[in-house]
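Below: the structure, in structure tokens.
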Amino acid sequence: MSLVYEKIYAAVQKIPRGKVATYSQIAALAGNVRMCRAVGNALHRNPYYGVVPCHRVVNAKGCLAKAFVFGGDNVQAEMLRKEGVEVIDGRVDLEKYGARF
């Protein structure tokens, strides 16, 4: 496991329940705001399912990930809804649910 990925997983663990963060926020917390693509790659390979809450990461517009990432349509949305996050048409209101670091 690379040190960069470990920093990304540690950053994702800082997202509170009921909140979301963007790829760029996680990249910044991990030490390099320009590594958004690395964040996506790390989350796609997350070996700590259930520990690292990658379902709380959304894009800059609040859009959820493609279905294949979580094993099917609406899986990420359902996980977020269980935490009290409102998902409408595959998006989250970042003003309301965005984590502030």
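Every chain in the structure tokens takes a letter, A first, then B, and so on in the order presented; its residues are numbered from 1, and the ligands are numbered from 1 following the presented order.
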Could you list, as number ranges by chain, every residue within 12 Å of A:Gln76, counting only C-alpha atoms and ignoring same-chain residues fewer than 3 positions away? A: 20, 53-58, 63-73, 79-83, 85-87, 90-92
Review point. Within 12 Å of A:Asn41, counting only C-alpha atoms, which residues qualify if same-chain residues fewer than 5 places away don't, as an MDAnalysis selection string?
Key: chainID A and resid 2 4:5 8:9 23 27 35:36 46:47 54 69
May I have the residues from that selection written out with N, CA and C atoms, as a PDB file, in the first residue's frame?
```
ATOM      1  N   SER A   2       0.600   2.159  -0.876  1.00  0.00           N
ATOM      2  CA  SER A   2       1.444   3.346  -0.968  1.00  0.00           C
ATOM      3  C   SER A   2       1.142   4.329   0.167  1.00  0.00           C
ATOM      4  N   VAL A   4       0.858   7.497  -0.160  1.00  0.00           N
ATOM      5  CA  VAL A   4      -0.140   8.448  -0.650  1.00  0.00           C
ATOM      6  C   VAL A   4      -1.540   7.901  -0.395  1.00  0.00           C
ATOM      7  N   TYR A   5      -1.766   6.644  -0.722  1.00  0.00           N
ATOM      8  CA  TYR A   5      -3.084   6.042  -0.500  1.00  0.00           C
ATOM      9  C   TYR A   5      -3.428   6.020   0.987  1.00  0.00           C
ATOM     10  N   ILE A   8      -4.636   9.328   1.942  1.00  0.00           N
ATOM     11  CA  ILE A   8      -5.990   9.532   1.417  1.00  0.00           C
ATOM     12  C   ILE A   8      -7.007   8.828   2.309  1.00  0.00           C
ATOM     13  N   TYR A   9      -6.743   7.586   2.679  1.00  0.00           N
ATOM     14  CA  TYR A   9      -7.674   6.852   3.537  1.00  0.00           C
ATOM     15  C   TYR A   9      -7.825   7.532   4.901  1.00  0.00           C
ATOM     16  N   TYR A  23     -13.586  15.263  -3.815  1.00  0.00           N
ATOM     17  CA  TYR A  23     -12.278  14.683  -4.117  1.00  0.00           C
ATOM     18  C   TYR A  23     -11.166  15.700  -3.851  1.00  0.00           C
ATOM     19  N   ALA A  27      -8.007  15.420  -1.356  1.00  0.00           N
ATOM     20  CA  ALA A  27      -6.645  15.592  -1.882  1.00  0.00           C
ATOM     21  C   ALA A  27      -5.882  16.617  -1.049  1.00  0.00           C
ATOM     22  N   MET A  35      -4.044  16.112  -6.531  1.00  0.00           N
ATOM     23  CA  MET A  35      -4.103  14.668  -6.728  1.00  0.00           C
ATOM     24  C   MET A  35      -5.524  14.097  -6.622  1.00  0.00           C
ATOM     25  N   CYS A  36      -6.486  14.809  -7.167  1.00  0.00           N
ATOM     26  CA  CYS A  36      -7.882  14.356  -7.153  1.00  0.00           C
ATOM     27  C   CYS A  36      -8.044  13.002  -7.833  1.00  0.00           C
ATOM     28  N   ASN A  46     -10.082   0.717  -2.287  1.00  0.00           N
ATOM     29  CA  ASN A  46     -10.157   0.739  -0.831  1.00  0.00           C
ATOM     30  C   ASN A  46     -10.151  -0.669  -0.215  1.00  0.00           C
ATOM     31  N   PRO A  47      -9.067  -1.035   0.480  1.00  0.00           N
ATOM     32  CA  PRO A  47      -9.020  -2.353   1.117  1.00  0.00           C
ATOM     33  C   PRO A  47      -9.659  -2.350   2.507  1.00  0.00           C
ATOM     34  N   CYS A  54     -15.718   5.660   2.048  1.00  0.00           N
ATOM     35  CA  CYS A  54     -15.584   6.302   0.739  1.00  0.00           C
ATOM     36  C   CYS A  54     -16.919   6.690   0.128  1.00  0.00           C
ATOM     37  N   VAL A  69     -18.881   1.457  -8.801  1.00  0.00           N
ATOM     38  CA  VAL A  69     -17.949   1.636  -7.686  1.00  0.00           C
ATOM     39  C   VAL A  69     -18.469   0.989  -6.409  1.00  0.00           C
TER      40      VAL A  69
END
```
DSSP-assigned strand (DSSP E) among chain A, expressed as an MDAnalysis selection string = chainID A and resid 21:22 57:58 87:88 91:92
Go ahead and save the picked residues with C-alpha atoms, as an mmCIF file, in the first residue's frame.
```cif
data_model
loop_
_atom_site.group_PDB
_atom_site.id
_atom_site.type_symbol
_atom_site.label_atom_id
_atom_site.label_comp_id
_atom_site.auth_asym_id
_atom_site.auth_seq_id
_atom_site.Cartn_x
_atom_site.Cartn_y
_atom_site.Cartn_z
ATOM 1 C CA ALA A 21 -16.437 15.848 1.086
ATOM 2 C CA THR A 22 -15.209 16.392 -2.451
ATOM 3 C CA VAL A 57 -16.845 11.368 -1.174
ATOM 4 C CA VAL A 58 -18.573 13.162 -4.064
ATOM 5 C CA VAL A 87 -29.724 12.716 -2.189
ATOM 6 C CA ILE A 88 -31.804 14.140 -5.034
ATOM 7 C CA ARG A 91 -26.609 14.792 -6.083
ATOM 8 C CA VAL A 92 -25.974 16.083 -2.596
#
```
Atom CA of A:Asp93 to atom CA of A:Gln13 measures 20.3 Å
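Taking atom CA of A:Asn59 and atom CA of A:Pro16 as the two end points, the separation is 16.9 Å.
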Do you know which residues are at most 10 Å from A:Gln25 counting only C-alpha atoms, after dropping those on the same chain fewer than 6 positions away, and could you put them as a compact mmCIF listing (two decimals) with N, CA and C atoms, in the first residue's frame?
```
# COMPACT_ATOMS: atom_id res chain seq x y z
N ALA A 11 -7.50 10.73 5.44
CA ALA A 11 -8.28 11.94 5.21
C ALA A 11 -9.77 11.62 5.10
N VAL A 12 -10.11 10.56 4.40
CA VAL A 12 -11.52 10.18 4.23
C VAL A 12 -12.14 9.83 5.58
N GLY A 31 -2.54 16.20 1.45
CA GLY A 31 -1.27 16.87 1.22
C GLY A 31 -1.02 17.46 -0.15
N ASN A 32 -1.92 17.23 -1.12
CA ASN A 32 -1.70 17.77 -2.46
C ASN A 32 -3.04 17.95 -3.16
N VAL A 33 -3.49 19.18 -3.25
CA VAL A 33 -4.80 19.47 -3.83
C VAL A 33 -4.92 19.02 -5.29
N CYS A 36 -6.49 14.81 -7.17
CA CYS A 36 -7.88 14.36 -7.15
C CYS A 36 -8.04 13.00 -7.83
N VAL A 39 -7.06 10.29 -5.59
CA VAL A 39 -8.10 10.04 -4.58
C VAL A 39 -9.11 9.06 -5.14
N VAL A 57 -17.59 10.52 -0.25
CA VAL A 57 -16.85 11.37 -1.17
C VAL A 57 -17.65 11.54 -2.46
N VAL A 58 -17.81 12.81 -2.86
CA VAL A 58 -18.57 13.16 -4.06
C VAL A 58 -17.74 14.10 -4.92
N ASN A 59 -18.20 14.37 -6.14
CA ASN A 59 -17.43 15.29 -6.97
C ASN A 59 -17.72 16.75 -6.60
N ALA A 60 -17.08 17.66 -7.28
CA ALA A 60 -17.16 19.09 -6.95
C ALA A 60 -18.56 19.67 -7.08
N ALA A 99 -18.75 18.77 4.34
CA ALA A 99 -17.90 18.84 5.54
C ALA A 99 -17.02 20.08 5.43
N ARG A 100 -16.77 20.69 6.56
CA ARG A 100 -15.88 21.86 6.63
C ARG A 100 -14.65 21.46 7.43
N PHE A 101 -13.51 21.56 6.78
CA PHE A 101 -12.25 21.17 7.45
C PHE A 101 -11.41 22.39 7.74
```
Min atom-atom distance to A:Ala30 from the set A:Ala10, A:Leu94, A:Ala77, A:Leu43, counting only C-alpha atoms, belongs to A:Ala10
